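Chemist: The following block contains the structure, expressed as structure tokens.
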Amino acid sequence: MQKRNILAIHIAELLSQKKHHGKIGAVHITPVFGDSRKIGLLLTPPLEKEDNANESSKSSTKKKRKKDKSNKSSNKTRFRIRLLFGMKNGMMDGYDNAGSNNNKKSMANDEDEMEMIGENEWNCWIPRTRLFPDRSNNRSEKAADSKNLDGERSTPHYTNDLAEDMHYVSTTKMISSMITTLVGGNVSNNDLVSTSFHETLILLKVWALQRGFLRGHDTFTTTTLAVLLVYLYRTKGIARRMGAMQAFTAFMKFWSETDWLGEDTLSATACQATGTLTKAEVVLQRKLMKKAAFVIPEEGRNESQTTNYCEQARLYLKDVRGSNDSHVPKTLLESYKFHYTSSSSKYTVCDSHHDSPILLDSTMMINYLARLSPSFVRESRAEAHAALIAIHGHEREEAGGGAFRKLFLQTNRFWTRYDAYFRIPVGRIPKLATADIGKKKNRSKSRKVNASSNRVWGKDSDDLGYNESVCRGIVEVLTLALGDRATAVSALTCGNGDIRTSSTDESADENVTKCMTDSDQYLALPIRGSGRSDKSYGDDLSMRAPAPPVLCESQREQFIVVGLSIDPNNSRRVVDRGPPAEDIEGSRDFMSLWGEKLAQIRRFQDGAIVRAVVWNTPSSNLSQPENTRYSGDDRLMGGIVEKVAQHVVNLHFESSRSDSSSSKLAFELRNIMSFIDGVSSEKPSHFSDSLTLHKNAISAFDSLSDFLRRNTALIDAGNGKKISKLGLPLPIDEVMPLSPCLRYSSLFPPISHPSLGGASNVVGSKISGAIDGQPILIQIRFQSNSKWPSSLNAMAAAKCAMLIQLADGIQKMKAEKSDDIEFFDGPVDNTPDSLTLGYRGYSWRIVVHAVQELRMLKGLKNPTDEAIRLQQALINRHVRGSMHHSLIHAVHTRHPSSSAVVRLASRWVASHMLSDMISHEAIELMVARIYTNTSENTNSRLHSIDAPPSTVMAGFLRFLQLLFAHDWAREPLIVDPQNHISSHDRSLIRTQFDAIRGPDFNKGPAMWIVSPADYDGVEEMTGSKIARIEDETPQTSAKLWAPSITATLPEKVVLSRAAALAKRSRDHLITCMVKGDSGNKWAAAFQESPASLTSYSALLRVDTDFMADTGCSSTESDCALISGDKTPVLQSPFERSVQKRFDGPKSLRKKHYKNLVLDVGTLLEWNPVKSLVATLRSEYGDYALFFYNEYCPDIIAVLWRPTAFIPESFSAMVSSFKHPVVQTAWREDTLVATNTDDLIYEIACSSKDIVTNIKILEDKKQRESDEPGVKRHKSEQS
């Protein structure tokens, strides 16, 4: 191979000479299919304008035309030529075309055919027998020495690379012959034909490219897909009359259901050692028994006949005929299976990982699938199975357009496929499996580096090459170590990365003499000098891993990036049990995997004495921010998977010479957790664990619920009267939660306040005099009774009286010092429809759910508009609100990371000043859709591609993708975690959606989200749940479903802005992962840029006295992990924000004493800016949109509505904020226009106590020389 590479470089130097520049263009060296051992040339022809540059100076007119013409030519589609180097096939042309000549010859008996084959001569410097898979064609120095303990090892992959160089032409002829057969005649090279073969191949290429499965280092190639299609056509797996989509489906079925690696039947019990066979031998035998191997048949023959009459198979039989070794395969096909299979599995330790699928050509010399690794085969089979599910419509969403979009339009490549990613520095990997391992002096030195590595990886480096051996070793060792904790492990290689990123500089010279990366991340190195001495072919060969597709300019160190799909059900398992102590061989393998220090003998409660690994010890090195662990890591960041990966990589893939003080391997973007959780430490603060804060609030709710039910139970008071301790005439039947903090989705959970009955831990210190945020909302429902009033006004009065009596009863019990009453403290606030009080340190708001009131409203024959609005408001708050809480709480309980994704998404929405425009409930439904809209995997042998995310980072990226990628104008978003919505209901939802959207898709709510609580008649469990299909009419069926949470918000302009921001934020976060940024650059996704602020019409600056926490600012958010100047400590932004909110605004802080009652009470709710924004939206919402950040409302942004400034006719009834149109711009019926000066003045008056400054960025003031609505220069008004 070195000779062919030298030849390639020599030809590249010749083609890159200046005299060939006009015709050849740029010349680059590029790996062949990402294999660094084989190089090819990438030729980029010059642009047309370069050829015609000297012809454009005749005249100024012609010069201008030439310029325009050159601009057009630069937009034309360009192409590249990949120049591959191979060897001339040693077979005569007669044998090479034997398959195509079979139909033309009348020869029918087998003896004549054997004579024909025997007459072929082999004309190549490589003997045919050297192409057997059991040969060693890349032996290390002294590998054949009798003193070599390892002996001679076969090199099937290296041999296959040699055979591949010999079969470029024959493979092309085989594909062309298949196309000619499908066309039904001879086709010249100039004829343009299109068959189902071409269309299917295009579909397969698009499908593979969208998943990073095409033209890469460890992926399919166009040739691979084509020869697989040839095999299916020749074996009748695809009929010639099948269409492209049918053939595509057949390919997916074939690839997903074939056991390419022999692993489908492996299990822990089936891999136990039996008799004299070790565990590794049992695994190898089972894999060989089940592994599939195929041979592409010649035309006119079937697969069996092609194998029987193959000259290579005959030579192999002759070669092994005299062998007495029972382990030697008897046929060439069995030999391929044996040498492309190892004992590597999830249950056995193995030092070689050379497994590959097998698809041989008709000569049985080349395996077209030899380059594919086991991890790629598993991933691609799972994707093919998911494609079958989508095609056959097994998903709950309708197939049709959704299936096509999912298969061919949606991108799901490496950086969006997995739950977690981490980097392994290539410089740390020990040189253990090098070519000189046979030397004694180097062998002892290598084993000194890491004694356990020689049992788990590296013995296949001569065959695979060191690069591939390292990559496969890392992937397979992690797969073995993680076990059922991870469903997929894969390495980033050339071809499966992010197709958005390119290192090509658009402003550079057209000579393209720079290091460039094409759309599939092939590393292409220029021949002509680019001034970059660090990029050369020799340097590239020294890399011990495939180069990452995109590197920072300043990033000199190479990394191997590994992606993990985590199983949340098993990721928190803390014990790995090994073999019994008496199993010497098994114990040695177990210790070689985990190390002697960690794999210790332990005794378990069932009496078993085995070697085991326990992962309950805390991490040692937490002093650096990149190694920070958070309180919710085990639940939200993949359990202990990170610990296991760190230990295995450090044990087997880190040299002892590595710097011990360097940072540990960590998941990418793990510090995004700092926005929603505190740092884990031995002495955690009261604000560090968000889960504990939520549980404290839920525990207080349970206590309050129990108190209300117990003390409203009726007891006999004598004289035949029954009354409760609280004096209520009816017992409370049910207490239902409605607040987000009671379903784990509040970004900043409430903290128990000392002055509201909470625990007193701050005696003598200042505490807040107001509760930042809204009270915890709950609703109570009284027992059914016939004595409720029969009028709406009386019903409202009765509900108010019940709440007043409840407050009086609590005060009376406090005066009597009854039991369980000491936890009530603070002021009590009664309103006509709610009761707000303090209990166990929390502020509670209680509302009454009266079922009789809803029945009364539903029974009205001619309800007024006010009654209809009241009915909808009550249904939304009491019925749908309770159902929504139960639905989301169930999702958060089943998927722990989902609640964290909701909280992080809420922080992102607020950071971009979209608070209250995209409701918290809408965010919860979108996240619930991500975690529950997964197709059921009917094949348990393959992991599910659509599995819900297991980490916060993966879930948040999917939330952003859903927000910007979902077609909100043409598709409703149906959220149904528990399959409550039937297929008939889904069709009704889609019918209603299409009817309301209209033909232009511009009507109805901008965001159409439907959940099980959104059907008509939900308060009585009617509607589509009981309606018969035959009784429905188009008018009635169109009213059965309608979105309630997103019925009015967000508006279309807000949704468009949110979608654009989501796309930019997702791209930025993926770029941070691609570049491996260890700092806080990811935090830019949670901030508004200065350019974004200038897009508003006006900015209102809020007084800082009204902000308790400035760390959540949209412009200068706090993202540091180290706080304190004199004694720096690790502290997350979440902890600091919770602490500041607990302390409250400085102007409202007061001293707290245990036995001293202060005259000034505590405000149960303090949201001045939120109330101001609500007032502005109510009063001036027709003229402008108001944006703000609810967690840090330092700015209120105003965006004028374009329709509000269109001149209109004058009317005295709507003359507010109007001024006459100037005469020069007057048109018919356009006498007045909106006066921005009046609007700004009114807004300033309404917010004068809160807003300190108003900055005008877009002046809508109309001047005499202006048309209406023209933007003016910036100005400022204070």
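Labeling convention for the structure tokens: chains A, B, ... as they appear, residues from 1 per chain, ligands from 1 in order of appearance.
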Set the distance at 6 Å and use only C-alpha atoms: which residues neighbour range 819-834 of chain A once local chain neighbours fewer than 6 positions away are removed? I'd like the list as a VMD selection string.
Modeler: chain A and resid 756 to 757 800 840 846 to 847
Chemist: Can you write out the residues you just picked, keeping all heavy atoms, as a compact mmCIF listing (two decimals), in the first residue's frame?
Modeler:
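Output file out_7.txt follows:
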# COMPACT_ATOMS: atom_id res chain seq x y z
N LEU A 756 -43.70 32.34 57.34
CA LEU A 756 -44.94 31.70 56.88
C LEU A 756 -45.08 30.30 57.45
O LEU A 756 -45.74 29.45 56.86
CB LEU A 756 -44.97 31.64 55.35
CG LEU A 756 -44.97 32.98 54.60
CD1 LEU A 756 -45.06 32.74 53.10
CD2 LEU A 756 -46.12 33.86 55.07
N GLY A 757 -44.47 30.07 58.60
CA GLY A 757 -44.60 28.77 59.25
C GLY A 757 -43.51 27.80 58.87
O GLY A 757 -43.63 26.61 59.20
N CYS A 800 -67.30 32.14 47.69
CA CYS A 800 -66.56 33.14 48.47
C CYS A 800 -66.79 32.94 49.97
O CYS A 800 -65.86 33.05 50.78
CB CYS A 800 -66.99 34.54 48.05
SG CYS A 800 -66.12 35.88 48.89
N ARG A 840 -46.44 26.04 56.37
CA ARG A 840 -45.13 25.37 56.32
C ARG A 840 -44.10 26.15 55.51
O ARG A 840 -43.24 25.59 54.85
CB ARG A 840 -45.27 23.96 55.76
CG ARG A 840 -45.86 22.97 56.74
CD ARG A 840 -45.77 21.54 56.22
NE ARG A 840 -46.25 20.59 57.21
CZ ARG A 840 -45.49 19.99 58.13
NH1 ARG A 840 -44.21 20.27 58.16
NH2 ARG A 840 -46.01 19.13 58.98
N ILE A 846 -55.76 29.06 47.24
CA ILE A 846 -56.78 28.02 47.19
C ILE A 846 -57.98 28.54 46.42
O ILE A 846 -58.48 29.64 46.70
CB ILE A 846 -57.21 27.60 48.62
CG1 ILE A 846 -55.98 27.14 49.43
CG2 ILE A 846 -58.24 26.49 48.56
CD1 ILE A 846 -56.29 26.82 50.89
N VAL A 847 -58.42 27.78 45.44
CA VAL A 847 -59.63 28.09 44.69
C VAL A 847 -60.59 26.92 44.84
O VAL A 847 -60.19 25.80 45.16
CB VAL A 847 -59.32 28.36 43.20
CG1 VAL A 847 -58.45 29.59 43.04
CG2 VAL A 847 -58.65 27.15 42.56
Chemist: Using only C-alpha atoms for the distances, tell me which of A:Asp567, A:Glu682, A:Glu853, A:Asp35 is nearest to Tyr466 in chain A.
Modeler: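 The closest residue to Tyr466 in chain A is A:Asp35.
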Chemist: List as a short mmCIF file (atom, residue, chain, number, x, y, z; two decimals) with all heavy atoms, in the first residue's frame the protein and nucleic acid residues near Ser154 in chain A, meaning an atom at most 6 Å away when only C-alpha atoms are counted, but skip any in the same chain fewer than 2 places from it.
Modeler:
data_model
loop_
_atom_site.label_atom_id
_atom_site.label_comp_id
_atom_site.auth_asym_id
_atom_site.auth_seq_id
_atom_site.Cartn_x
_atom_site.Cartn_y
_atom_site.Cartn_z
N ASP A 134 -7.48 -16.25 5.47
CA ASP A 134 -6.66 -16.78 6.56
C ASP A 134 -5.19 -16.45 6.40
O ASP A 134 -4.36 -16.87 7.21
CB ASP A 134 -6.83 -18.29 6.68
CG ASP A 134 -6.43 -19.02 5.41
OD1 ASP A 134 -6.18 -18.34 4.39
OD2 ASP A 134 -6.36 -20.26 5.44
N ARG A 135 -4.84 -15.69 5.36
CA ARG A 135 -3.44 -15.36 5.13
C ARG A 135 -3.05 -14.11 5.92
O ARG A 135 -3.87 -13.24 6.21
CB ARG A 135 -3.18 -15.13 3.64
CG ARG A 135 -3.38 -16.36 2.78
CD ARG A 135 -2.43 -17.48 3.20
NE ARG A 135 -2.39 -18.54 2.21
CZ ARG A 135 -3.05 -19.68 2.30
NH1 ARG A 135 -3.83 -19.89 3.35
NH2 ARG A 135 -2.94 -20.62 1.38
N SER A 136 -1.76 -14.02 6.22
CA SER A 136 -1.19 -12.87 6.92
C SER A 136 -0.32 -12.12 5.93
O SER A 136 0.80 -12.53 5.64
CB SER A 136 -0.38 -13.32 8.14
OG SER A 136 0.20 -12.21 8.78
#
Chemist: Check the smallest atom-to-atom distance from each of A:Gly881, A:Gly1017, A:Gly718, A:Pro750 to Phe1142 in chain A using only C-alpha atoms, then report the winner.
Modeler: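 Smallest separation from Phe1142 in chain A among the options: A:Pro750.
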Chemist: Set the distance at 12 Å and use only C-alpha atoms: which residues neighbour Leu214 in chain A once local chain neighbours fewer than 2 positions away are removed? I'd like the list as number ranges by chain.
Modeler: A: 33-34, 201-202, 204-212, 216-225, 372, 376, 380, 413, 493-497, 519-522
Chemist: Quick one: residues within 9 Å of Phe1205 in chain A, only C-alpha atoms, excluding same-chain residues fewer than 4 positions away - as a list in words?
Modeler: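 After dropping sequence-adjacent residues, the list is Tyr1183, Trp1200, Arg1201, Ala1233, Thr1234, Asn1235, Thr1236, Lys1260, Pro1268 and Gly1269 of chain A.
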Chemist: Hey, which bits of range 1156-1191 of chain A sit within 10 Å of range 1243-1259 of chain A, and for each residue what's the closest pair of atoms and how far apart in Å (one decimal), counting only C-alpha atoms, rows by chain and increasing number, as CSV?
Modeler:
residue,atom,partner,partner_atom,distance
A:Pro1168,CA,A:Ile1250,CA,8.1
A:Val1169,CA,A:Ile1250,CA,7.5
A:Leu1172,CA,A:Ser1247,CA,7.0
A:Val1173,CA,A:Ser1247,CA,9.2
A:Thr1175,CA,A:Ser1246,CA,8.5
A:Leu1176,CA,A:Ile1243,CA,7.3
A:Glu1179,CA,A:Ile1243,CA,9.3
A:Tyr1180,CA,A:Ile1243,CA,8.3
